[in-house]
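Student: Pasting start_14.cif below, which is mmCIF, C-alpha atoms.
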data_entry
#
loop_
_atom_site.label_atom_id
_atom_site.label_comp_id
_atom_site.auth_asym_id
_atom_site.auth_seq_id
_atom_site.Cartn_x
_atom_site.Cartn_y
_atom_site.Cartn_z
CA MET A 464 70.27 132.73 110.65
CA LYS A 465 71.00 133.16 106.95
CA LYS A 466 74.66 133.95 107.70
CA PHE A 467 74.88 130.79 109.81
CA LYS A 468 73.57 128.61 106.94
CA ILE A 469 76.05 130.16 104.51
CA LEU A 470 78.88 129.64 107.00
CA VAL A 471 77.91 125.98 107.48
CA LEU A 472 77.69 125.49 103.70
CA LEU A 473 81.13 127.04 103.12
CA PHE A 474 82.64 124.98 105.94
CA SER A 475 81.12 121.79 104.51
CA LEU A 476 82.40 122.53 101.02
CA GLY A 477 85.88 123.22 102.38
CA LEU A 478 85.81 119.98 104.36
CA ILE A 479 84.69 117.92 101.38
CA SER A 480 87.21 119.45 98.97
CA GLY A 481 89.98 119.04 101.54
CA CYS A 482 89.50 115.29 101.56
CA GLY A 483 90.64 115.04 97.92
CA SER A 484 90.65 111.57 96.46
CA TYR A 485 90.72 109.67 99.73
CA SER A 486 89.02 106.32 99.89
CA PHE A 487 88.09 104.22 102.90
CA THR A 488 90.53 101.54 101.77
CA GLY A 489 93.39 104.03 102.15
CA ILE A 490 94.04 104.10 98.42
CA SER A 491 94.60 107.46 96.80
CA LEU A 492 95.13 107.53 93.04
CA PRO A 493 96.26 110.40 90.82
CA ALA A 494 93.51 111.66 88.52
CA SER A 495 95.47 110.43 85.47
CA THR A 496 95.44 106.80 86.68
CA ASN A 497 92.40 105.02 85.28
CA THR A 498 93.51 101.55 84.20
CA TYR A 499 95.52 98.63 85.52
CA GLN A 500 96.95 95.45 84.08
CA VAL A 501 97.86 92.21 85.86
CA ASN A 502 100.17 90.08 83.76
CA TYR A 503 100.19 86.31 84.22
CA PHE A 504 102.24 85.22 87.25
CA GLN A 505 104.27 82.17 86.21
CA ASN A 506 104.77 79.49 88.88
CA ASP A 507 108.55 79.15 89.27
CA ALA A 508 108.45 77.46 92.69
CA LEU A 509 110.37 74.20 93.12
CA LEU A 510 107.19 72.47 94.29
CA VAL A 511 104.49 73.34 91.75
CA GLU A 512 100.84 73.45 92.81
CA PRO A 513 98.70 73.07 89.66
CA GLY A 514 96.51 76.12 88.98
CA LEU A 515 98.14 78.32 91.64
CA ASP A 516 99.49 80.68 88.97
CA ARG A 517 96.04 81.32 87.51
CA THR A 518 94.42 81.52 90.96
CA PHE A 519 96.94 84.10 92.18
CA THR A 520 96.76 86.23 89.01
CA ASN A 521 92.95 86.32 89.23
CA ALA A 522 92.98 87.02 92.99
CA LEU A 523 95.22 90.07 92.53
CA ALA A 524 93.19 91.40 89.60
CA ASP A 525 89.93 90.90 91.53
CA LEU A 526 91.20 92.62 94.68
CA ILE A 527 92.31 95.71 92.74
CA GLN A 528 88.97 95.74 90.90
CA ASN A 529 87.03 95.52 94.17
CA GLN A 530 89.03 98.09 96.16
CA THR A 531 89.70 100.76 93.53
CA SER A 532 87.89 102.53 90.73
CA LEU A 533 90.48 101.36 88.18
CA GLN A 534 89.47 99.46 85.06
CA LEU A 535 91.21 96.20 84.15
CA VAL A 536 92.79 96.21 80.67
CA THR A 537 95.03 93.73 78.84
CA SER A 538 97.64 96.22 77.55
CA GLY A 539 98.70 99.86 77.73
CA ALA A 540 97.58 100.31 81.36
CA ASP A 541 98.45 103.24 83.60
CA ILE A 542 99.78 100.76 86.19
CA THR A 543 101.04 97.23 85.64
CA TYR A 544 101.67 94.28 87.93
CA GLU A 545 103.85 91.35 86.90
CA GLY A 546 106.02 88.74 88.53
CA GLU A 547 106.23 85.11 89.45
CA ILE A 548 105.38 82.69 92.22
CA THR A 549 108.76 81.90 93.76
CA GLU A 550 107.84 79.64 96.66
CA TYR A 551 105.35 76.91 97.50
CA ARG A 552 106.72 74.98 100.45
CA ILE A 553 105.49 72.74 103.24
CA SER A 554 107.78 72.51 106.25
CA PRO A 555 107.55 71.44 109.90
CA THR A 556 107.31 74.33 112.37
CA THR A 557 107.12 72.66 115.79
CA ALA A 558 108.24 69.30 117.11
CA THR A 559 106.94 66.95 119.74
CA ALA A 560 109.02 65.41 122.57
CA ASP A 561 109.79 62.37 120.41
CA ILE A 562 111.14 64.63 117.64
CA THR A 563 108.27 64.35 115.18
CA ALA A 564 106.46 67.27 113.60
CA ALA A 565 103.54 68.60 115.62
CA GLN A 566 102.64 71.30 113.16
CA ASN A 567 103.37 71.99 109.49
CA ARG A 568 103.42 75.27 107.60
CA LEU A 569 102.46 75.96 104.01
CA THR A 570 104.31 79.02 102.72
CA ILE A 571 103.68 80.78 99.42
CA GLY A 572 106.00 83.50 98.13
CA VAL A 573 105.54 85.86 95.19
CA ARG A 574 107.95 88.28 93.50
CA VAL A 575 106.04 91.35 92.25
CA ARG A 576 107.12 94.10 89.91
CA TYR A 577 104.89 97.15 89.83
CA TYR A 578 105.13 99.91 87.22
CA GLU A 579 103.43 103.30 86.96
CA LYS A 580 103.44 104.69 83.42
CA ASP A 581 103.30 108.36 84.46
CA ASN A 582 105.44 108.14 87.62
CA PRO A 583 108.35 105.68 87.40
CA ASP A 584 109.61 106.87 90.81
CA ASN A 585 106.81 104.76 92.33
CA ASP A 586 107.90 101.54 90.57
CA LEU A 587 108.46 98.65 92.95
CA SER A 588 110.06 95.21 92.90
CA GLN A 589 109.42 93.26 96.09
CA GLN A 590 108.97 89.76 97.48
CA PHE A 591 105.76 88.99 99.38
CA SER A 592 104.96 85.81 101.30
CA PHE A 593 102.61 84.43 103.89
CA PHE A 594 101.89 81.08 105.52
CA TYR A 595 99.21 78.78 106.88
CA ASP A 596 99.87 76.47 109.85
CA TYR A 597 98.06 73.14 110.28
CA PRO A 598 98.44 70.02 112.44
CA ALA A 599 101.10 67.60 111.19
CA ALA A 600 98.69 64.69 111.56
CA ALA A 601 96.34 66.32 109.04
CA GLN A 602 96.87 65.99 105.31
CA LEU A 603 96.69 69.25 103.37
CA VAL A 604 94.27 68.09 100.68
CA GLY A 605 90.85 69.02 99.32
CA ALA A 606 88.90 71.71 101.13
CA GLN A 607 91.59 72.28 103.75
CA LYS A 608 94.20 72.95 101.04
CA ASP A 609 91.78 75.28 99.23
CA THR A 610 91.17 77.16 102.51
CA ALA A 611 94.90 77.42 103.21
CA ILE A 612 95.71 78.74 99.74
CA SER A 613 92.77 81.15 99.82
CA GLU A 614 93.85 82.62 103.19
CA ILE A 615 97.46 82.98 102.08
CA LEU A 616 96.56 84.62 98.76
CA GLU A 617 94.11 86.98 100.48
CA ARG A 618 96.90 88.22 102.74
CA ILE A 619 99.56 88.43 100.02
CA THR A 620 97.33 90.30 97.56
CA GLN A 621 96.26 92.77 100.25
CA ASP A 622 99.92 93.33 101.19
CA ILE A 623 100.73 93.97 97.50
CA LEU A 624 97.87 96.46 97.17
CA ASN A 625 98.94 98.26 100.34
CA ALA A 626 102.58 98.45 99.22
CA THR A 627 101.76 99.73 95.73
CA LEU A 628 98.61 101.81 95.85
CA GLY A 629 98.15 102.31 99.60
CA LYS A 630 101.82 103.25 100.13
CA TRP A 631 101.77 101.60 103.59
#
Using the file provided, produce a representation of the structure as structure tokens.
Tutor:
Amino acid sequence: MKKFKILVLLFSLGLISGCGSYSFTGISLPASTNTYQVNYFQNDALLVEPGLDRTFTNALADLIQNQTSLQLVTSGADITYEGEITEYRISPTTATADITAAQNRLTIGVRVRYYEKDNPDNDLSQQFSFFYDYPAAAQLVGAQKDTAISEILERITQDILNATLGKW
């Protein structure tokens, strides 16, 4: 019985140590990576939505804070995110029989540059975008616009995290 307990203990220790730095979000960070920095994302889209730059920058910083053990700093970080909002566009997506829009689409696009201080091979420059469809008869204002922007930014920031730290 004593040999069985020792065997179970050794097996458990081997299993735990074999998992390394895995997290349930799929993010695995090197031990030397402790801090991150999210620089302000300027809104360079042709159609400018006031406050979108600040909202996006905060959404990305918050997502990284919530899904990793990294600490947010303002300079000298182990990893850095920067870029700009390149697209904010509303366009028709489907038409009715009398050639009027039946549905519109809000699209937001962001250019992201990601840098790792200790491993420049992992640096990334990539465009991310997502959209929100809504009925053409509806005006995208107030709470509906806030919901649309929130859903789009949630998807874009998660895609950025997956591409940079999740390596998906």
Student: Which polymer residues have any atom within 10 Å of an atom of stretch 600-617 of chain A, counting only C-alpha atoms, with same-chain residues fewer than 3 positions away left out, as a list in words?
Tutor: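 Contacts, in chain order: Leu515, Thr518, Phe519, Thr520, Ala522, Leu523, Leu526, Ile553, Ala564, Ala565, Gln566, Asn567, Arg568, Leu569, Thr570, Ile571, Gly572, Val573, Ser592, Phe593, Phe594, Tyr595, Asp596, Tyr597, Thr620, Gln621 and Asp622 of chain A.
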Student: Where does the PyMOL selection byres ((chain A and resi 533) around 10) land in this file, that is, which residues does it pick, as a PyMOL selection string?
Tutor: chain A and resi 492+496-500+527-532+534-536+540-542
Student: Could you list as a list of chain:residue names every residue that has an atom within 12 Å of (109.7, 85.1, 88.7), using the file's coordinates and counting only C-alpha atoms?
Tutor: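 Applying the cut-off with only C-alpha atoms, one gets A:Asn502, A:Tyr503, A:Phe504, A:Gln505, A:Asn506, A:Asp507, A:Ala508, A:Leu509, A:Asp516, A:Glu545, A:Gly546, A:Glu547, A:Ile548, A:Thr549, A:Glu550, A:Gly572, A:Val573, A:Arg574, A:Val575, A:Arg576, A:Ser588, A:Gln589, A:Gln590.
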Student: Using C-alpha atoms, can you export the residues from the last selection as a PDB file, in the frame of the given file?
Tutor:
ATOM      1  CA  ASN A 502     100.170  90.080  83.760  1.00  0.00           C
ATOM      2  CA  TYR A 503     100.190  86.310  84.220  1.00  0.00           C
ATOM      3  CA  PHE A 504     102.240  85.220  87.250  1.00  0.00           C
ATOM      4  CA  GLN A 505     104.270  82.170  86.210  1.00  0.00           C
ATOM      5  CA  ASN A 506     104.770  79.490  88.880  1.00  0.00           C
ATOM      6  CA  ASP A 507     108.550  79.150  89.270  1.00  0.00           C
ATOM      7  CA  ALA A 508     108.450  77.460  92.690  1.00  0.00           C
ATOM      8  CA  LEU A 509     110.370  74.200  93.120  1.00  0.00           C
ATOM      9  CA  ASP A 516      99.490  80.680  88.970  1.00  0.00           C
ATOM     10  CA  GLU A 545     103.850  91.350  86.900  1.00  0.00           C
ATOM     11  CA  GLY A 546     106.020  88.740  88.530  1.00  0.00           C
ATOM     12  CA  GLU A 547     106.230  85.110  89.450  1.00  0.00           C
ATOM     13  CA  ILE A 548     105.380  82.690  92.220  1.00  0.00           C
ATOM     14  CA  THR A 549     108.760  81.900  93.760  1.00  0.00           C
ATOM     15  CA  GLU A 550     107.840  79.640  96.660  1.00  0.00           C
ATOM     16  CA  GLY A 572     106.000  83.500  98.130  1.00  0.00           C
ATOM     17  CA  VAL A 573     105.540  85.860  95.190  1.00  0.00           C
ATOM     18  CA  ARG A 574     107.950  88.280  93.500  1.00  0.00           C
ATOM     19  CA  VAL A 575     106.040  91.350  92.250  1.00  0.00           C
ATOM     20  CA  ARG A 576     107.120  94.100  89.910  1.00  0.00           C
ATOM     21  CA  SER A 588     110.060  95.210  92.900  1.00  0.00           C
ATOM     22  CA  GLN A 589     109.420  93.260  96.090  1.00  0.00           C
ATOM     23  CA  GLN A 590     108.970  89.760  97.480  1.00  0.00           C
TER      24      GLN A 590
END
Student: For atom CA of A:Ala524 and atom CA of A:Asp584, determine how far apart the two atoms are, in Å to one decimal place.
Tutor: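 Computing the Euclidean distance for atom CA of A:Ala524 and atom CA of A:Asp584 yields 22.6 Å.
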Student: If I take atom CA of A:Glu579 and atom CA of A:Phe591, how far is one from the other in Å, to one decimal?
Tutor: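 Separation of atom CA of A:Glu579 and atom CA of A:Phe591: 19.1 Å.
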Student: Between A:Ala494, A:Tyr551, A:Leu624, A:Thr557, which residue has the minimum interatomic distance to A:Val511, considering all atoms listed in the file?
Tutor: A:Tyr551
Student: Give, as lines of an AutoDock Vina configuration file, the centre coordinates and the x, y and z edge lengths in Å to one decimal for an axis-aligned box around all listed atoms of stretch 584-599 of chain A, padded by 4 Å on each side.
Tutor:
center_x = 104.1
center_y = 87.2
center_z = 101.5
size_x = 20.0
size_y = 47.3
size_z = 29.9
Student: Name the closest residue to A:Asp586 among the candidates A:Thr543, A:Arg552, A:Val501, A:Asp561; distances are taken between atoms, counting all atoms listed in the file.
Tutor: A:Thr543
